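A.B. asks: Quick one, entry.cif (mmCIF, C-alpha atoms):
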```cif
data_protein
#
loop_
_atom_site.group_PDB
_atom_site.id
_atom_site.type_symbol
_atom_site.label_atom_id
_atom_site.label_comp_id
_atom_site.auth_asym_id
_atom_site.auth_seq_id
_atom_site.Cartn_x
_atom_site.Cartn_y
_atom_site.Cartn_z
ATOM 1 C CA MET A 1 107.983 55.730 102.563
ATOM 2 C CA ALA A 2 104.322 55.651 101.545
ATOM 3 C CA LEU A 3 104.739 58.583 99.171
ATOM 4 C CA ILE A 4 107.833 57.040 97.596
ATOM 5 C CA LEU A 5 105.925 53.800 97.030
ATOM 6 C CA THR A 6 102.962 55.760 95.631
ATOM 7 C CA PHE A 7 104.758 58.160 93.326
ATOM 8 C CA GLY A 8 107.851 56.118 92.468
ATOM 9 C CA PRO A 9 106.247 54.514 89.401
ATOM 10 C CA ILE A 10 105.024 57.922 88.185
ATOM 11 C CA SER A 11 107.952 60.289 88.732
ATOM 12 C CA GLY A 12 110.693 58.188 90.265
ATOM 13 C CA ALA A 13 109.554 59.704 93.582
ATOM 14 C CA HIS A 14 111.553 62.846 92.938
ATOM 15 C CA PHE A 15 110.529 65.129 95.811
ATOM 16 C CA ASN A 16 113.960 66.662 96.290
ATOM 17 C CA PRO A 17 115.883 69.007 93.944
ATOM 18 C CA ALA A 18 119.214 67.698 95.266
ATOM 19 C CA VAL A 19 118.206 64.145 94.320
ATOM 20 C CA THR A 20 116.911 65.264 90.919
ATOM 21 C CA LEU A 21 120.106 67.153 90.071
ATOM 22 C CA ALA A 22 122.253 64.233 91.239
ATOM 23 C CA ASP A 23 120.189 61.807 89.167
ATOM 24 C CA ALA A 24 120.489 64.006 86.071
ATOM 25 C CA TRP A 25 124.241 64.292 86.628
ATOM 26 C CA GLN A 26 124.415 60.484 86.631
ATOM 27 C CA ARG A 27 122.212 60.312 83.503
ATOM 28 C CA GLY A 28 119.243 58.831 85.363
ATOM 29 C CA ILE A 29 116.891 61.479 83.992
ATOM 30 C CA GLU A 30 117.283 63.876 81.110
ATOM 31 C CA TRP A 31 118.445 67.415 81.937
ATOM 32 C CA ARG A 32 115.541 68.868 79.951
ATOM 33 C CA HIS A 33 113.129 67.426 82.551
ATOM 34 C CA VAL A 34 114.979 68.869 85.559
ATOM 35 C CA PRO A 35 113.389 72.370 85.584
ATOM 36 C CA ALA A 36 109.848 70.955 85.600
ATOM 37 C CA TYR A 37 110.724 68.546 88.408
ATOM 38 C CA ILE A 38 112.237 71.329 90.516
ATOM 39 C CA VAL A 39 109.261 73.638 89.990
ATOM 40 C CA ALA A 40 106.901 70.796 90.969
ATOM 41 C CA GLN A 41 109.023 70.009 94.046
ATOM 42 C CA ILE A 42 108.972 73.598 95.245
ATOM 43 C CA VAL A 43 105.244 74.012 94.571
ATOM 44 C CA GLY A 44 104.595 70.719 96.354
ATOM 45 C CA ALA A 45 106.651 71.738 99.381
ATOM 46 C CA PHE A 46 104.819 75.046 99.702
ATOM 47 C CA GLY A 47 101.536 73.183 99.228
ATOM 48 C CA GLY A 48 102.536 70.946 102.119
ATOM 49 C CA VAL A 49 103.159 73.931 104.385
ATOM 50 C CA ALA A 50 99.841 75.509 103.388
ATOM 51 C CA SER A 51 97.987 72.226 103.962
ATOM 52 C CA ALA A 52 99.535 71.686 107.375
ATOM 53 C CA HIS A 53 98.714 75.249 108.391
ATOM 54 C CA LEU A 54 95.103 74.886 107.231
ATOM 55 C CA MET A 55 94.730 71.605 109.151
ATOM 56 C CA PHE A 56 95.945 73.242 112.357
ATOM 57 C CA GLY A 57 94.142 76.557 111.946
ATOM 58 C CA GLU A 58 97.262 78.623 111.249
ATOM 59 C CA SER A 59 97.734 81.388 108.685
ATOM 60 C CA ILE A 60 98.520 79.793 105.323
ATOM 61 C CA PHE A 61 102.029 81.277 105.299
ATOM 62 C CA ALA A 62 104.062 83.115 107.926
ATOM 63 C CA ALA A 63 107.766 83.907 107.702
ATOM 64 C CA SER A 64 109.688 81.845 110.212
ATOM 65 C CA ARG A 65 111.584 83.402 113.083
ATOM 66 C CA HIS A 66 113.186 80.079 114.058
ATOM 67 C CA ILE A 67 116.970 80.631 113.997
ATOM 68 C CA ARG A 68 118.910 77.768 112.428
ATOM 69 C CA SER A 69 122.404 79.090 111.864
ATOM 70 C CA GLY A 70 125.987 78.205 112.637
ATOM 71 C CA GLY A 71 128.497 75.586 111.703
ATOM 72 C CA ALA A 72 126.810 72.710 113.552
ATOM 73 C CA GLN A 73 123.522 73.301 111.736
ATOM 74 C CA LEU A 74 125.185 73.592 108.333
ATOM 75 C CA PHE A 75 127.350 70.521 108.885
ATOM 76 C CA SER A 76 124.249 68.637 110.008
ATOM 77 C CA GLU A 77 122.540 69.465 106.724
ATOM 78 C CA PHE A 78 125.607 68.361 104.778
ATOM 79 C CA VAL A 79 125.630 65.050 106.690
ATOM 80 C CA ALA A 80 121.865 64.595 106.397
ATOM 81 C CA THR A 81 121.857 65.097 102.635
ATOM 82 C CA PHE A 82 125.079 63.158 102.070
ATOM 83 C CA GLY A 83 123.539 60.240 103.958
ATOM 84 C CA LEU A 84 120.260 60.473 102.076
ATOM 85 C CA LEU A 85 122.006 60.323 98.694
ATOM 86 C CA ALA A 86 124.324 57.557 99.911
ATOM 87 C CA VAL A 87 121.292 55.497 100.953
ATOM 88 C CA ILE A 88 119.576 56.148 97.625
ATOM 89 C CA TRP A 89 122.649 55.365 95.498
ATOM 90 C CA GLY A 90 123.652 52.335 97.529
ATOM 91 C CA CYS A 91 120.181 50.843 97.430
ATOM 92 C CA VAL A 92 119.133 51.787 93.902
ATOM 93 C CA ARG A 93 122.268 50.261 92.421
ATOM 94 C CA PHE A 94 122.013 46.921 94.211
ATOM 95 C CA ARG A 95 118.556 46.504 95.789
ATOM 96 C CA SER A 96 116.196 49.023 94.232
ATOM 97 C CA SER A 97 113.100 47.434 95.772
ATOM 98 C CA VAL A 98 114.183 48.538 99.256
ATOM 99 C CA VAL A 99 114.757 52.225 98.416
ATOM 100 C CA PRO A 100 111.436 53.458 99.885
ATOM 101 C CA PHE A 101 112.018 51.621 103.150
ATOM 102 C CA ALA A 102 115.684 52.604 103.419
ATOM 103 C CA VAL A 103 114.959 56.276 102.695
ATOM 104 C CA GLY A 104 112.107 56.325 105.220
ATOM 105 C CA ALA A 105 114.275 54.706 107.887
ATOM 106 C CA TYR A 106 117.214 56.993 107.149
ATOM 107 C CA ILE A 107 115.210 60.234 107.256
ATOM 108 C CA THR A 108 113.538 59.127 110.503
ATOM 109 C CA GLY A 109 116.925 58.407 112.039
ATOM 110 C CA ALA A 110 118.512 61.571 110.666
ATOM 111 C CA TYR A 111 115.788 63.635 112.328
ATOM 112 C CA TRP A 112 117.172 62.397 115.630
ATOM 113 C CA PHE A 113 120.923 62.263 114.956
ATOM 114 C CA THR A 114 121.407 65.668 113.302
ATOM 115 C CA ALA A 115 121.400 69.026 115.050
ATOM 116 C CA SER A 116 119.297 70.457 112.209
ATOM 117 C CA THR A 117 116.552 67.775 112.357
ATOM 118 C CA SER A 118 117.502 66.749 108.819
ATOM 119 C CA PHE A 119 115.750 68.956 106.302
ATOM 120 C CA ALA A 120 117.939 67.320 103.590
ATOM 121 C CA ASN A 121 115.830 68.873 100.807
ATOM 122 C CA PRO A 122 116.199 72.355 99.295
ATOM 123 C CA ALA A 123 112.499 72.582 98.313
ATOM 124 C CA VAL A 124 111.419 71.690 101.844
ATOM 125 C CA THR A 125 113.936 74.150 103.264
ATOM 126 C CA LEU A 126 112.458 76.971 101.163
ATOM 127 C CA ALA A 127 108.912 76.046 102.166
ATOM 128 C CA ARG A 128 109.778 75.735 105.846
ATOM 129 C CA SER A 129 110.892 79.356 105.772
ATOM 130 C CA MET A 130 107.175 80.155 105.494
ATOM 131 C CA THR A 131 106.092 78.469 108.720
ATOM 132 C CA ASP A 132 106.627 80.121 112.066
ATOM 133 C CA THR A 133 106.127 76.808 113.856
ATOM 134 C CA PHE A 134 108.843 74.690 115.463
ATOM 135 C CA ALA A 135 109.498 73.205 111.996
ATOM 136 C CA GLY A 136 110.436 76.540 110.458
ATOM 137 C CA ILE A 137 113.712 78.073 109.408
ATOM 138 C CA ARG A 138 114.375 81.798 109.329
ATOM 139 C CA PRO A 139 114.597 82.974 105.675
ATOM 140 C CA ALA A 140 118.077 84.391 106.336
ATOM 141 C CA ASP A 141 119.297 80.870 107.229
ATOM 142 C CA VAL A 142 117.924 79.189 104.072
ATOM 143 C CA PRO A 143 120.891 79.887 101.719
ATOM 144 C CA GLY A 144 123.388 78.174 104.037
ATOM 145 C CA PHE A 145 121.151 75.124 104.434
ATOM 146 C CA VAL A 146 120.580 74.840 100.685
ATOM 147 C CA ALA A 147 124.305 75.172 99.941
ATOM 148 C CA ALA A 148 125.132 72.495 102.522
ATOM 149 C CA GLN A 149 122.445 70.216 101.076
ATOM 150 C CA PHE A 150 123.734 70.537 97.528
ATOM 151 C CA ALA A 151 127.309 69.992 98.743
ATOM 152 C CA GLY A 152 126.276 66.823 100.590
ATOM 153 C CA ALA A 153 124.379 65.534 97.557
ATOM 154 C CA PHE A 154 127.328 66.267 95.268
ATOM 155 C CA MET A 155 129.829 64.539 97.562
ATOM 156 C CA ALA A 156 127.698 61.403 97.994
ATOM 157 C CA THR A 157 127.028 61.199 94.264
ATOM 158 C CA ALA A 158 130.716 61.620 93.442
ATOM 159 C CA LEU A 159 131.662 58.990 96.030
ATOM 160 C CA PHE A 160 129.198 56.439 94.671
ATOM 161 C CA ALA A 161 130.181 57.176 91.072
ATOM 162 C CA TRP A 162 133.718 56.282 92.133
ATOM 163 C CA LEU A 163 132.792 53.306 94.338
ATOM 164 C CA VAL A 164 130.412 51.790 91.814
ATOM 165 C CA PRO A 165 131.016 53.102 88.290
ATOM 166 C CA HIS A 166 128.166 52.578 85.833
ATOM 167 C CA SER A 167 130.022 49.737 84.079
ATOM 168 C CA ALA A 168 130.580 47.906 87.376
ATOM 169 C CA GLN A 169 126.972 48.555 88.347
ATOM 170 C CA LYS A 170 125.713 46.964 85.130
ATOM 171 C CA GLU A 171 127.990 43.955 85.623
ATOM 172 C CA LYS A 172 126.718 43.409 89.181
ATOM 173 C CA ILE A 173 123.094 43.809 88.155
ATOM 174 C CA HIS A 174 123.444 41.449 85.208
ATOM 175 C CA GLY A 175 125.575 38.940 87.135
ATOM 176 C CA ARG A 176 128.749 39.349 85.074
#
```
What is this file in C-alpha cells?
C.D. replies:
Amino acid sequence: MALILTFGPISGAHFNPAVTLADAWQRGIEWRHVPAYIVAQIVGAFGGVASAHLMFGESIFAASRHIRSGGAQLFSEFVATFGLLAVIWGCVRFRSSVVPFAVGAYITGAYWFTASTSFANPAVTLARSMTDTFAGIRPADVPGFVAAQFAGAFMATALFAWLVPHSAQKEKIHGR
C-alpha cells in the first residue's frame, strides 16, 4: 500500500507485468512503454530479493528448491491474479482513490486464502526462483505460475471490459 501511494503518481504504481499488459490492452498506457515497464519490474523484483538476502545475511541469489507445483498451486495463482486485477479494475473505474488500500488488503488476504500464498506477479515469481528461503519457488515451477497469472489477469480484464465498457465507465465518472 505504501509503495503504491509513493510510486502511483510517478509510474501508476506498475510493479506487475500482468497489470501493465492488462492496462496497455485497455489503452491505459501506450504499448511502446510496456517493455521498459516490464524490464524495470523484473529488475526491481530481483533487487528486492538481493536486498532481503543482504539484510538477513544470505547469499545474494540462490536457486530455490521449494516445490510449488500441481493443479491446486496453479489454480491458486489464477485466482490470486484474477482477484488482484478485479480489485484494481473495480476500484480504478469507480473509486480510484482507494486502489492502494484495496490492493494492499486484497494481497494480504490472498496470502492467507490461496494455496500458493498469492505471488500474483510474474516479475516477483521470477525473482522468487532465486531465493532458497520459504518464499522461494523452484525454477521448474515458474512457467506454470506465470501462465496462470497471465490467464487470471486476462480473464479479469475481459470480465471488467464487459461489465463496465469504457463508454459506460465515462458516463458513470462524469455523472451521465
A.B. asks: Give the answer as one residue: which of A:Asp23, A:Phe113, A:Val164, A:Thr133 has the shortest atom-to-atom distance to A:Glu77, using all atoms listed in the file?
C.D. replies: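 Of A:Asp23, A:Phe113, A:Val164, A:Thr133, the one nearest A:Glu77 is A:Phe113, counting all atoms listed in the file.
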A.B. asks: How would you write, as a VMD selection string, the residues chosen by the PyMOL selection byres ((chain A and resi 137) around 10) on this structure?
C.D. replies: chain A and resid 63 to 69 116 119 125 to 136 138 to 142 145
A.B. asks: With C-alpha atoms retained, could you export that selection as a PDB file, in the frame of the given file?
C.D. replies:
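Once everything was written out, this is result.pdb:
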```
ATOM      1  CA  ALA A  63     107.766  83.907 107.702  1.00  0.00           C
ATOM      2  CA  SER A  64     109.688  81.845 110.212  1.00  0.00           C
ATOM      3  CA  ARG A  65     111.584  83.402 113.083  1.00  0.00           C
ATOM      4  CA  HIS A  66     113.186  80.079 114.058  1.00  0.00           C
ATOM      5  CA  ILE A  67     116.970  80.631 113.997  1.00  0.00           C
ATOM      6  CA  ARG A  68     118.910  77.768 112.428  1.00  0.00           C
ATOM      7  CA  SER A  69     122.404  79.090 111.864  1.00  0.00           C
ATOM      8  CA  SER A 116     119.297  70.457 112.209  1.00  0.00           C
ATOM      9  CA  PHE A 119     115.750  68.956 106.302  1.00  0.00           C
ATOM     10  CA  THR A 125     113.936  74.150 103.264  1.00  0.00           C
ATOM     11  CA  LEU A 126     112.458  76.971 101.163  1.00  0.00           C
ATOM     12  CA  ALA A 127     108.912  76.046 102.166  1.00  0.00           C
ATOM     13  CA  ARG A 128     109.778  75.735 105.846  1.00  0.00           C
ATOM     14  CA  SER A 129     110.892  79.356 105.772  1.00  0.00           C
ATOM     15  CA  MET A 130     107.175  80.155 105.494  1.00  0.00           C
ATOM     16  CA  THR A 131     106.092  78.469 108.720  1.00  0.00           C
ATOM     17  CA  ASP A 132     106.627  80.121 112.066  1.00  0.00           C
ATOM     18  CA  THR A 133     106.127  76.808 113.856  1.00  0.00           C
ATOM     19  CA  PHE A 134     108.843  74.690 115.463  1.00  0.00           C
ATOM     20  CA  ALA A 135     109.498  73.205 111.996  1.00  0.00           C
ATOM     21  CA  GLY A 136     110.436  76.540 110.458  1.00  0.00           C
ATOM     22  CA  ARG A 138     114.375  81.798 109.329  1.00  0.00           C
ATOM     23  CA  PRO A 139     114.597  82.974 105.675  1.00  0.00           C
ATOM     24  CA  ALA A 140     118.077  84.391 106.336  1.00  0.00           C
ATOM     25  CA  ASP A 141     119.297  80.870 107.229  1.00  0.00           C
ATOM     26  CA  VAL A 142     117.924  79.189 104.072  1.00  0.00           C
ATOM     27  CA  PHE A 145     121.151  75.124 104.434  1.00  0.00           C
TER      28      PHE A 145
END
```
A.B. asks: Could you tell me which of A:Phe56, A:Pro9, A:Thr20, A:Val79 comes closest to A:Val39 if we count all atoms listed in the file?
C.D. replies: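 Once distances to A:Val39 are computed over all atoms listed in the file, the minimum belongs to A:Thr20.
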A.B. asks: Could you spell out the hits of the PyMOL selection byres ((chain A and resi 4) around 12) on the shown file, as a list in words?
C.D. replies: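 So the PyMOL selection byres ((chain A and resi 4) around 12) ends up selecting Met1, Ala2, Leu3, Leu5, Thr6, Phe7, Gly8, Pro9, Ile10, Ser11, Gly12, Ala13, His14, Phe15, Asn16, Ile88, Ser97, Val98, Val99, Pro100, Phe101, Ala102, Val103 and Gly104 of chain A.
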A.B. asks: Given the PyMOL selection byres ((chain A and resi 34) around 12) and the file above, list the residues it selects as a list in words.
C.D. replies: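 Applied to this file, the PyMOL selection byres ((chain A and resi 34) around 12) selects Ser11, His14, Phe15, Asn16, Pro17, Ala18, Val19, Thr20, Leu21, Ala22, Asp23, Ala24, Trp25, Arg27, Gly28, Ile29, Glu30, Trp31, Arg32, His33, Pro35, Ala36, Tyr37, Ile38, Val39, Ala40 and Gln41 of chain A.
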A.B. asks: Those same residues - C-alpha atoms - I'd like them written as a JSON list (two decimals), in the frame of the given file.
C.D. replies:
```json
[["chain", "number", "residue", "atom", "x", "y", "z"],
["A", 11, "SER", "CA", 107.95, 60.29, 88.73],
["A", 14, "HIS", "CA", 111.55, 62.85, 92.94],
["A", 15, "PHE", "CA", 110.53, 65.13, 95.81],
["A", 16, "ASN", "CA", 113.96, 66.66, 96.29],
["A", 17, "PRO", "CA", 115.88, 69.01, 93.94],
["A", 18, "ALA", "CA", 119.21, 67.70, 95.27],
["A", 19, "VAL", "CA", 118.21, 64.14, 94.32],
["A", 20, "THR", "CA", 116.91, 65.26, 90.92],
["A", 21, "LEU", "CA", 120.11, 67.15, 90.07],
["A", 22, "ALA", "CA", 122.25, 64.23, 91.24],
["A", 23, "ASP", "CA", 120.19, 61.81, 89.17],
["A", 24, "ALA", "CA", 120.49, 64.01, 86.07],
["A", 25, "TRP", "CA", 124.24, 64.29, 86.63],
["A", 27, "ARG", "CA", 122.21, 60.31, 83.50],
["A", 28, "GLY", "CA", 119.24, 58.83, 85.36],
["A", 29, "ILE", "CA", 116.89, 61.48, 83.99],
["A", 30, "GLU", "CA", 117.28, 63.88, 81.11],
["A", 31, "TRP", "CA", 118.44, 67.42, 81.94],
["A", 32, "ARG", "CA", 115.54, 68.87, 79.95],
["A", 33, "HIS", "CA", 113.13, 67.43, 82.55],
["A", 35, "PRO", "CA", 113.39, 72.37, 85.58],
["A", 36, "ALA", "CA", 109.85, 70.96, 85.60],
["A", 37, "TYR", "CA", 110.72, 68.55, 88.41],
["A", 38, "ILE", "CA", 112.24, 71.33, 90.52],
["A", 39, "VAL", "CA", 109.26, 73.64, 89.99],
["A", 40, "ALA", "CA", 106.90, 70.80, 90.97],
["A", 41, "GLN", "CA", 109.02, 70.01, 94.05]]
```
A.B. asks: Tell me, in Å to one decimal, how far atom CA of A:Val43 is from atom CA of A:Asn121.
C.D. replies: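 Atom CA of A:Asn121 lies 13.3 Å from atom CA of A:Val43.
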A.B. asks: Nearest to A:Thr114: which of A:Gln73, A:Leu54, A:Phe61, A:Cys91 is it, counting all atoms listed in the file?
C.D. replies: A:Gln73
A.B. asks: Box along x, y and z, 4 Å on every side, all listed atoms of stretch 2-11 of chain A inside: centre and edge lengths in Å to one decimal, as lines of an AutoDock Vina configuration file.
C.D. replies:
```
center_x = 105.5
center_y = 57.0
center_z = 94.9
size_x = 13.0
size_y = 14.5
size_z = 21.4
```
A.B. asks: Could you jot down the atom CA of A:Met155 to atom CA of A:Val124 separation for me, Å, one decimal place?
C.D. replies: 20.2 Å
A.B. asks: So which one's closest to A:Gly109, A:Phe154, A:Ala72, A:Gly47, A:Ala80? Using all atoms listed in the file, please.
C.D. replies: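 The answer is A:Ala80, which sits nearest to A:Gly109.
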A.B. asks: What does the structure give for the distance between atom CA of A:Ser96 and atom CA of A:Gly48, in Å to one decimal?
C.D. replies: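 Atom-to-atom, atom CA of A:Ser96 and atom CA of A:Gly48 are spaced 27.0 Å apart.
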A.B. asks: Skip A:Gly83 itself and residues of its chain fewer than 6 positions away, then list as a ChimeraX atom specification all residues within 10 Å of it, counting all atoms listed in the file.
C.D. replies: /A:77,89,103,106-107,110,120,152-153,155-156
A.B. asks: Return the single residue from A:Val87, A:Leu74, A:Val92, A:Leu163 that is closest to A:Gln149, with distances computed using only C-alpha atoms.
C.D. replies: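 The answer is A:Leu74, which sits nearest to A:Gln149.
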